[in-house]
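A.B. asks: Have a look at the structure that comes next, please.
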Amino acid sequence: RREWSFTLPAIVHAGTLWLMTLLVASELDWQIALGIIGETGLGRGSWNEIAWGLVPAAMLAAVGAWRTWPVTSHAQAYRGLAGSGLAVYLVLWVVLVNLVSSGDPWPLPYLPLLNPLDVAIGLVLLVLARDLLAYRELRPAVPHLWPIAGAVLFLWLNAILARSLHHYAGLPLDLPAMVQSTLAQATFSIAWTVTGLVLMVAASRLRQRLLWMVAAGLLVVVVVKLFLIDLSGRDTLERIVSFVGVGLLLLLAGYLSPMPPAEDKPTGEDAA
């Protein structure tokens, strides 16, 4: 059970766990700099960034699974205050590394989704999902957190695409370069359309009208992007692939995923 307490003992226990997490992550960061990266590879690789995500995630998972003292005796401090703080930090970590990290797996080759950074992000998200669903009193809040979860996953998808373009196509990992690249814009347009198509099909099957409208909104954004950004590109091949690919996917979306019917509101007679 997760309850929050802001008494002095609870703050001391939570602060101790946070400090322990900070020390372990710092030590692992330092050991990585000495061992894995070393002097010749100083500054390369995303291993240090991974340490600052996996250590707090391990602490959060341990707090949820711990069944003895001191967690059981001070549940409000560890599972409430400390656990919530770690969860908020991990969400911010996922957002930050997706915005700024190149995901360089040096000395390993880069593989989309199978590189160390993306594997670490996936593990962190699994820990967060498990932590949220493990407490019955938090389950009513799950529907309200879907927009945040969707935004984080969408950011992760775009970061994977950007990092892949950076490692395989040699594009600089910054926003102006991605906007000016016809290849990048075609890639994002097709990926967003596929995402919208998957969401629309799922919404139709689950009869989730709001989710269907969100997916349709994403497809509208793609169409606007095609005319405002993709058309300005100089490479004809990428533009053709982008327009044809998006057009075919839009036709497929219209065929496979009709809008779910609106929920019937109970009338006065039904309520009676």
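Each chain in the structure tokens gets a letter, A, B and so on, in the order shown; residues start at 1 in every chain, and ligands are counted from 1 in the order they appear.
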Within 9 Å of region 252-260 of chain A, counting only C-alpha atoms, which residues qualify if same-chain residues fewer than 6 places away don't, as an MDAnalysis selection string?
C.D. replies: chainID A and resid 196:198 200:209 212:213
A.B. asks: Produce a file of the selected residues containing all heavy atoms, as a short mmCIF file (atom, residue, chain, number, x, y, z; two decimals), in the first residue's frame.
C.D. replies:
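Everything below was put into result_14.cif:
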```cif
data_model
loop_
_atom_site.label_atom_id
_atom_site.label_comp_id
_atom_site.auth_asym_id
_atom_site.auth_seq_id
_atom_site.Cartn_x
_atom_site.Cartn_y
_atom_site.Cartn_z
N GLY A 196 -0.23 6.63 -36.07
CA GLY A 196 -1.64 7.00 -36.10
C GLY A 196 -2.52 5.86 -36.58
O GLY A 196 -3.62 5.64 -36.06
N LEU A 197 -2.04 5.12 -37.59
CA LEU A 197 -2.81 3.98 -38.11
C LEU A 197 -2.99 2.91 -37.04
O LEU A 197 -4.11 2.39 -36.85
CB LEU A 197 -2.09 3.40 -39.33
CG LEU A 197 -2.67 2.10 -39.91
CD1 LEU A 197 -4.10 2.30 -40.37
CD2 LEU A 197 -1.80 1.59 -41.06
N VAL A 198 -1.92 2.58 -36.34
CA VAL A 198 -2.01 1.56 -35.28
C VAL A 198 -2.98 2.00 -34.19
O VAL A 198 -3.81 1.22 -33.71
CB VAL A 198 -0.61 1.28 -34.70
CG1 VAL A 198 -0.71 0.39 -33.47
CG2 VAL A 198 0.27 0.62 -35.75
N MET A 200 -5.47 4.14 -34.47
CA MET A 200 -6.84 4.16 -34.98
C MET A 200 -7.43 2.76 -35.05
O MET A 200 -8.60 2.55 -34.70
CB MET A 200 -6.87 4.83 -36.35
CG MET A 200 -6.60 6.32 -36.33
SD MET A 200 -6.69 7.09 -37.96
CE MET A 200 -8.47 7.16 -38.19
N VAL A 201 -6.65 1.80 -35.50
CA VAL A 201 -7.13 0.42 -35.55
C VAL A 201 -7.44 -0.08 -34.14
O VAL A 201 -8.49 -0.70 -33.89
CB VAL A 201 -6.10 -0.48 -36.25
CG1 VAL A 201 -6.50 -1.94 -36.12
CG2 VAL A 201 -5.97 -0.10 -37.72
N ALA A 202 -6.52 0.20 -33.20
CA ALA A 202 -6.76 -0.22 -31.82
C ALA A 202 -7.99 0.46 -31.24
O ALA A 202 -8.80 -0.17 -30.54
CB ALA A 202 -5.53 0.09 -30.97
N ALA A 203 -8.15 1.75 -31.53
CA ALA A 203 -9.31 2.48 -31.02
C ALA A 203 -10.61 1.93 -31.59
O ALA A 203 -11.63 1.84 -30.89
CB ALA A 203 -9.18 3.97 -31.33
N SER A 204 -10.60 1.57 -32.87
CA SER A 204 -11.80 1.00 -33.47
C SER A 204 -12.15 -0.34 -32.85
O SER A 204 -13.32 -0.64 -32.58
CB SER A 204 -11.60 0.84 -34.98
OG SER A 204 -11.46 2.10 -35.61
N ARG A 205 -11.13 -1.16 -32.61
CA ARG A 205 -11.38 -2.47 -32.01
C ARG A 205 -11.86 -2.34 -30.56
O ARG A 205 -12.71 -3.11 -30.12
CB ARG A 205 -10.11 -3.33 -32.06
CG ARG A 205 -9.58 -3.60 -33.46
CD ARG A 205 -10.56 -4.43 -34.29
NE ARG A 205 -9.99 -4.78 -35.59
CZ ARG A 205 -10.14 -4.04 -36.68
NH1 ARG A 205 -10.83 -2.90 -36.62
NH2 ARG A 205 -9.61 -4.42 -37.83
N LEU A 206 -11.29 -1.38 -29.85
CA LEU A 206 -11.63 -1.20 -28.43
C LEU A 206 -12.81 -0.24 -28.23
O LEU A 206 -13.21 -0.01 -27.09
CB LEU A 206 -10.42 -0.67 -27.67
CG LEU A 206 -9.18 -1.58 -27.66
CD1 LEU A 206 -8.01 -0.87 -27.00
CD2 LEU A 206 -9.48 -2.89 -26.95
N ARG A 207 -13.30 0.34 -29.32
CA ARG A 207 -14.40 1.31 -29.27
C ARG A 207 -14.05 2.50 -28.38
O ARG A 207 -14.85 2.95 -27.56
CB ARG A 207 -15.69 0.63 -28.79
CG ARG A 207 -16.21 -0.43 -29.75
CD ARG A 207 -17.52 -1.02 -29.28
NE ARG A 207 -18.05 -1.96 -30.25
CZ ARG A 207 -18.81 -1.63 -31.29
NH1 ARG A 207 -19.14 -0.36 -31.47
NH2 ARG A 207 -19.25 -2.55 -32.13
N GLN A 208 -12.84 2.99 -28.56
CA GLN A 208 -12.37 4.15 -27.81
C GLN A 208 -12.38 5.37 -28.74
O GLN A 208 -11.45 5.61 -29.49
CB GLN A 208 -10.97 3.90 -27.26
CG GLN A 208 -10.89 2.81 -26.22
CD GLN A 208 -11.58 3.21 -24.93
OE1 GLN A 208 -11.59 4.38 -24.54
NE2 GLN A 208 -12.17 2.23 -24.26
N ARG A 209 -13.46 6.12 -28.68
CA ARG A 209 -13.63 7.24 -29.61
C ARG A 209 -12.58 8.33 -29.38
O ARG A 209 -12.06 8.91 -30.33
CB ARG A 209 -15.04 7.82 -29.44
CG ARG A 209 -15.43 8.86 -30.48
CD ARG A 209 -16.83 9.37 -30.21
NE ARG A 209 -17.27 10.36 -31.17
CZ ARG A 209 -17.91 10.08 -32.30
NH1 ARG A 209 -18.19 8.81 -32.58
NH2 ARG A 209 -18.28 11.03 -33.13
N TRP A 212 -9.32 7.35 -30.88
CA TRP A 212 -9.42 7.44 -32.33
C TRP A 212 -9.25 8.89 -32.79
O TRP A 212 -8.56 9.16 -33.78
CB TRP A 212 -10.77 6.91 -32.79
CG TRP A 212 -10.90 6.71 -34.27
CD1 TRP A 212 -10.69 5.56 -34.97
CD2 TRP A 212 -11.27 7.72 -35.23
NE1 TRP A 212 -10.90 5.77 -36.31
CE2 TRP A 212 -11.25 7.09 -36.51
CE3 TRP A 212 -11.60 9.06 -35.15
CZ2 TRP A 212 -11.57 7.77 -37.68
CZ3 TRP A 212 -11.90 9.75 -36.31
CH2 TRP A 212 -11.89 9.11 -37.56
N MET A 213 -9.83 9.82 -32.06
CA MET A 213 -9.72 11.23 -32.43
C MET A 213 -8.30 11.75 -32.23
O MET A 213 -7.81 12.58 -33.01
CB MET A 213 -10.72 12.06 -31.62
CG MET A 213 -12.17 11.72 -31.93
SD MET A 213 -13.36 12.66 -30.94
CE MET A 213 -13.09 14.31 -31.58
#
```
A.B. asks: Please identify all polymer residues within 9 Å of Ser101 (chain A), counting only C-alpha atoms, omitting same-chain residues fewer than 5 positions from it, and present them as a list in words.
C.D. replies: Ser46, Glu49, Leu96, Leu117, Ala159, Arg163 and Leu173 of chain A
A.B. asks: Hey, can you check how far CA of Val55 (chain A) sits from CA of Thr21 (chain A)?
C.D. replies: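 CA of Thr21 (chain A) lies 6.7 Å from CA of Val55 (chain A).
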A.B. asks: Got a sec: who's within 12 Å of Leu171 (chain A), counting only C-alpha atoms, leaving out chain neighbours fewer than 6 positions off, as a list in words?
C.D. replies: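 After dropping sequence-adjacent residues, the list is Ser102, Leu161, Ala162, Arg163, Ser164, Leu165, Ala177, Met178, Val179, Gln180, Ser181, Thr182, Leu183, Ala184 and Gln185 of chain A.
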A.B. asks: Kindly save the residues from that selection, with C-alpha atoms included, as an mmCIF file, in the first residue's frame.
C.D. replies:
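Saved as out10.cif:
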```cif
data_model
loop_
_atom_site.group_PDB
_atom_site.id
_atom_site.type_symbol
_atom_site.label_atom_id
_atom_site.label_comp_id
_atom_site.auth_asym_id
_atom_site.auth_seq_id
_atom_site.Cartn_x
_atom_site.Cartn_y
_atom_site.Cartn_z
ATOM 1 C CA SER A 102 22.930 10.309 -28.957
ATOM 2 C CA LEU A 161 14.298 7.570 -35.205
ATOM 3 C CA ALA A 162 16.543 10.595 -34.676
ATOM 4 C CA ARG A 163 19.337 8.512 -33.156
ATOM 5 C CA SER A 164 19.071 5.964 -35.967
ATOM 6 C CA LEU A 165 19.329 8.705 -38.586
ATOM 7 C CA ALA A 177 19.476 19.700 -39.102
ATOM 8 C CA MET A 178 16.573 17.281 -38.764
ATOM 9 C CA VAL A 179 14.085 19.870 -40.021
ATOM 10 C CA GLN A 180 16.211 20.650 -43.070
ATOM 11 C CA SER A 181 16.832 16.994 -43.943
ATOM 12 C CA THR A 182 14.354 15.585 -46.458
ATOM 13 C CA LEU A 183 15.296 12.055 -45.422
ATOM 14 C CA ALA A 184 14.560 12.798 -41.776
ATOM 15 C CA GLN A 185 11.245 14.456 -42.548
#
```
A.B. asks: Quick one: pull the distance between CA of Trp146 (chain A) and CA of Ala75 (chain A), Å, one decimal.
C.D. replies: 26.7 Å
A.B. asks: Looking only at the backbone, which of the residues in region 48-267 of chain A does DSSP tag as helix (DSSP H, G or I), as JSON, numbers by chain?
C.D. replies: {"A": [48, 49, 50, 51, 52, 53, 54, 55, 56, 57, 58, 59, 60, 61, 62, 63, 64, 65, 75, 76, 77, 78, 79, 80, 81, 82, 83, 84, 85, 86, 87, 88, 89, 90, 91, 92, 93, 94, 95, 96, 97, 98, 99, 100, 116, 117, 118, 119, 120, 121, 122, 123, 124, 125, 126, 127, 128, 129, 130, 131, 132, 133, 136, 137, 138, 139, 140, 141, 142, 143, 144, 145, 146, 147, 148, 149, 150, 151, 152, 153, 154, 155, 156, 157, 158, 159, 160, 161, 162, 163, 164, 165, 166, 167, 168, 169, 175, 176, 177, 178, 179, 180, 182, 183, 184, 185, 186, 187, 188, 189, 190, 191, 192, 193, 194, 195, 196, 197, 198, 199, 200, 201, 202, 203, 204, 205, 206, 209, 210, 211, 212, 213, 214, 215, 216, 217, 218, 219, 220, 221, 222, 223, 224, 225, 226, 227, 228, 230, 231, 232, 236, 237, 238, 239, 240, 241, 242, 243, 244, 245, 246, 247, 248, 249, 250, 251, 252, 253, 254, 255, 256]}
